[in-house]
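J.: If it helps, the file is called run.cif and holds mmCIF, C-alpha atoms:
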```cif
data_entry
loop_
_atom_site.label_atom_id
_atom_site.label_comp_id
_atom_site.auth_asym_id
_atom_site.auth_seq_id
_atom_site.Cartn_x
_atom_site.Cartn_y
_atom_site.Cartn_z
CA MET G 14 53.17 -33.81 39.39
CA GLN G 15 49.39 -33.47 39.01
CA LYS G 16 49.33 -36.51 36.65
CA LEU G 17 51.35 -38.59 39.13
CA LEU G 18 49.00 -37.67 41.99
CA THR G 19 45.92 -38.48 39.87
CA TRP G 20 47.43 -41.77 38.74
CA THR G 21 48.40 -42.74 42.32
CA LEU G 22 44.94 -41.86 43.62
CA GLY G 23 43.34 -43.91 40.83
CA LEU G 24 45.52 -46.90 41.65
CA LEU G 25 44.66 -46.63 45.33
CA VAL G 26 40.92 -46.54 44.59
CA PHE G 27 41.28 -49.55 42.26
CA LEU G 28 43.12 -51.57 44.91
CA LEU G 29 40.56 -50.74 47.59
CA VAL G 30 37.63 -51.71 45.33
CA GLU G 31 39.39 -54.90 44.24
CA LYS G 32 40.05 -55.90 47.87
CA ALA G 33 36.42 -55.20 48.85
CA THR G 34 35.16 -57.29 45.92
CA TYR G 35 37.48 -60.18 46.82
CA ALA G 36 36.37 -60.03 50.47
CA GLN G 37 32.73 -60.30 49.40
CA THR G 38 33.34 -63.45 47.33
CA THR G 39 35.58 -65.26 49.81
CA PRO G 40 33.74 -66.97 52.69
CA THR G 41 34.94 -66.02 56.14
CA THR G 42 34.15 -69.47 57.53
CA PRO G 43 34.73 -72.86 55.91
CA TYR G 44 31.86 -74.62 54.24
CA ARG G 45 30.28 -77.39 56.32
CA LEU G 46 27.85 -80.07 55.13
CA VAL G 47 25.92 -82.60 57.20
CA ILE G 48 24.40 -85.47 55.22
CA ASP G 49 21.33 -87.36 56.46
CA MET G 50 21.78 -90.94 55.18
CA VAL G 51 18.75 -93.21 55.58
CA SER G 52 19.16 -95.68 52.72
CA ALA G 53 20.57 -99.20 52.77
CA ASP G 54 20.98 -99.06 48.98
CA THR G 55 24.68 -99.42 48.13
CA SER G 56 24.22 -97.31 44.99
CA ASP G 57 23.05 -94.45 47.24
CA HIS G 58 26.14 -94.99 49.38
CA ALA G 59 28.45 -94.91 46.35
CA THR G 60 26.68 -91.83 44.99
CA ILE G 61 27.16 -89.79 48.14
CA LEU G 62 30.86 -90.71 48.30
CA ARG G 63 31.26 -89.56 44.69
CA GLN G 64 29.33 -86.35 45.45
CA ILE G 65 31.69 -85.55 48.32
CA ARG G 66 34.65 -85.77 45.93
CA ASN G 67 32.79 -83.51 43.46
CA LEU G 68 32.01 -81.05 46.25
CA TRP G 69 35.68 -80.86 47.20
CA LYS G 70 36.62 -80.06 43.58
CA GLU G 71 34.43 -76.94 43.74
CA LEU G 72 34.71 -76.11 47.45
CA PRO G 73 38.02 -77.51 48.72
CA GLY G 74 38.24 -77.95 52.45
CA THR G 75 34.50 -78.35 53.02
CA GLN G 76 33.88 -80.22 56.27
CA VAL G 77 31.55 -83.20 55.79
CA GLU G 78 29.71 -85.43 58.25
CA ILE G 79 27.45 -88.28 57.17
CA VAL G 80 24.90 -89.18 59.84
CA MET G 81 23.56 -92.70 59.35
CA HIS G 82 20.42 -94.10 60.92
CA GLY G 83 17.82 -96.74 60.18
CA LYS G 84 18.86 -99.22 57.52
CA ALA G 85 21.70 -96.92 56.41
CA LEU G 86 23.93 -98.40 59.11
CA THR G 87 24.89 -101.08 56.59
CA MET G 88 27.04 -98.40 54.93
CA VAL G 89 29.68 -98.90 57.66
CA GLN G 90 28.66 -102.28 59.11
CA LYS G 91 31.17 -105.12 58.96
CA GLY G 92 30.05 -107.85 56.59
CA GLN G 93 27.51 -105.51 54.98
CA THR G 94 29.48 -102.63 53.50
CA VAL G 95 30.88 -102.91 50.00
CA LEU G 96 32.64 -99.54 50.24
CA ALA G 97 34.97 -99.99 53.21
CA ASP G 98 38.09 -98.84 51.32
CA PRO G 99 36.64 -95.62 49.83
CA ILE G 100 34.98 -94.86 53.18
CA MET G 101 38.29 -95.34 54.98
CA ALA G 102 40.03 -93.05 52.48
CA LEU G 103 37.44 -90.30 52.95
CA GLN G 104 37.59 -90.69 56.73
CA LYS G 105 41.35 -90.17 56.58
CA GLU G 106 40.65 -86.94 54.67
CA GLY G 107 38.33 -85.72 57.42
CA VAL G 108 34.84 -87.02 56.58
CA VAL G 109 32.99 -88.13 59.71
CA PHE G 110 30.82 -91.25 59.40
CA ALA G 111 28.49 -90.94 62.40
CA VAL G 112 26.33 -93.91 63.41
CA CYS G 113 23.16 -93.45 65.47
CA ARG G 114 23.33 -95.31 68.79
CA ASN G 115 19.52 -95.40 69.02
CA THR G 116 19.42 -97.37 65.77
CA MET G 117 22.22 -99.61 67.07
CA LYS G 118 20.11 -100.45 70.13
CA ARG G 119 17.07 -101.18 67.97
CA TYR G 120 19.10 -103.62 65.82
CA LYS G 121 21.09 -104.96 68.81
CA LEU G 122 24.43 -103.83 67.37
CA THR G 123 27.60 -102.77 69.17
CA GLU G 124 30.57 -100.65 68.13
CA SER G 125 32.48 -103.82 67.26
CA ASP G 126 29.94 -104.51 64.49
CA PHE G 127 31.26 -101.53 62.51
CA ILE G 128 34.35 -100.77 60.46
CA PRO G 129 37.02 -98.63 62.17
CA SER G 130 36.01 -95.53 60.16
CA ALA G 131 32.70 -95.29 62.02
CA SER G 132 32.11 -92.86 64.86
CA PHE G 133 29.02 -92.79 67.06
CA VAL G 134 26.40 -90.24 68.13
CA PRO G 135 23.64 -90.77 70.71
CA ALA G 136 20.77 -89.86 68.34
CA ALA G 137 20.91 -89.09 64.62
CA ILE G 138 18.04 -86.63 64.80
CA ALA G 139 19.74 -84.66 67.58
CA GLU G 140 23.05 -84.63 65.69
CA LEU G 141 21.34 -83.28 62.58
CA VAL G 142 19.55 -80.57 64.56
CA LYS G 143 22.76 -79.53 66.35
CA LYS G 144 24.74 -79.30 63.12
CA GLN G 145 22.07 -77.18 61.45
CA GLN G 146 21.89 -74.93 64.53
CA GLU G 147 25.67 -74.47 64.20
CA GLY G 148 25.19 -73.32 60.60
CA TRP G 149 26.00 -76.53 58.70
CA SER G 150 24.25 -77.02 55.35
CA TYR G 151 21.90 -80.04 55.25
CA LEU G 152 21.54 -82.67 52.54
CA LYS G 153 19.16 -85.64 52.61
CA ALA G 154 20.76 -88.61 50.84
CA GLY G 155 19.12 -91.74 49.54
CA HIS G 156 15.47 -92.33 48.87
#
```
Turn this file's structure into structure tokens for me.
T.:
Amino acid sequence: MQKLLTWTLGLLVFLLVEKATYAQTTPTTPYRLVIDMVSADTSDHATILRQIRNLWKELPGTQVEIVMHGKALTMVQKGQTVLADPIMALQKEGVVFAVCRNTMKRYKLTESDFIPSASFVPAAIAELVKKQQEGWSYLKAGH
């Protein structure tokens, strides 16, 4: 009887320690990444799309938003983008492609100048600040 009680107590302690260890390694909130895209270089655009796929291999379910401003608007601009299909595929999987309206005004562009995967934010800088304030990780893309 003493051996059974000792064995049961040992098993209980093991299970409690194992659960505590698992809880420490499992995030309680999903990972979130906001990407600051400033480059018009299509190789930078392709690289960030590839990096998102790599991120999802290691951290499945990570929320991603790419905020584009300046010359980076070509990433989702009709007649300029060379990655419309992969962008559309990622958008269907939840990636947000956010275009800065301030930049649109500067370049005299309207929503109709962009592929359907694009969404719009009033100011890229404000969107980046808000996301970081909400706890999103930040990545500067391009050069």
J.: Using all atoms listed in the file, find the one residue out of G:Met81, G:Ile128, G:Ala59, G:Leu72 that sits nearest to Lys153 of chain G.
T.: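 Looking at the shortest contact to Lys153 of chain G, the residue is G:Met81.
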J.: What would the selection look like, as a PyMOL selection string, if the PyMOL selection byres ((chain G and resi 55-58) around 12) were run on the coordinates I just shared?
T.: chain G and resi 48-54+59-65+79+81+84-89+93-97+99-100+110+153-156
J.: Using all atoms listed in the file, pick whichever of G:Leu103, G:Leu141, G:Ala131, G:Ala136 has the shortest atom-to-atom distance to Lys118 of chain G.
T.: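 Under the stated criterion, the closest residue is G:Ala136.
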J.: G:Val47, G:Leu122, G:Val134, G:Leu68: which is nearest Leu152 of chain G, counting all atoms listed in the file?
T.: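 Using all atoms listed in the file, Leu152 of chain G sits closest to G:Val47.
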J.: Atom CA of Gln90 of chain G and atom CA of Thr123 of chain G, how far apart in Å?
T.: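 Rounded to one decimal, the two atoms are 10.1 Å apart.
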J.: May I ask for the distance between atom CA of Gly92 of chain G and atom CA of Leu46 of chain G, given in Å to one decimal place?
T.: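 For atom CA of Gly92 of chain G relative to atom CA of Leu46 of chain G, the distance reads 27.9 Å.
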J.: Using all atoms listed in the file for the distances, tell me which of G:Lys105, G:His82, G:Lys91, G:Arg66 is nearest to Met117 of chain G.
T.: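 Among G:Lys105, G:His82, G:Lys91, G:Arg66, it is G:His82 that comes nearest to Met117 of chain G.
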J.: Using all atoms listed in the file, which of the listed residues (G:Ala139, G:Lys121, G:Arg45, G:Ser150) sits closest to Gly74 of chain G?
T.: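 The shortest atom-to-atom distance to Gly74 of chain G comes from G:Arg45.
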J.: Rounded to one decimal in Å, what is the spacing between atom CA of Val80 of chain G and atom CA of Lys144 of chain G?
T.: 10.4 Å
J.: So that I can see what lies close to Tyr44 of chain G, please list as a ChimeraX atom specification the residues with an atom at most 12 Å from it, counting all atoms listed in the file and leaving out residues fewer than 4 positions away in the same chain.
T.: /G:39-40,68-69,71-78,147-151
J.: With distances taken over only C-alpha atoms, which of G:Lys70, G:Gly107, G:Phe127, G:Arg114 is nearest to Gly83 of chain G?
T.: G:Arg114
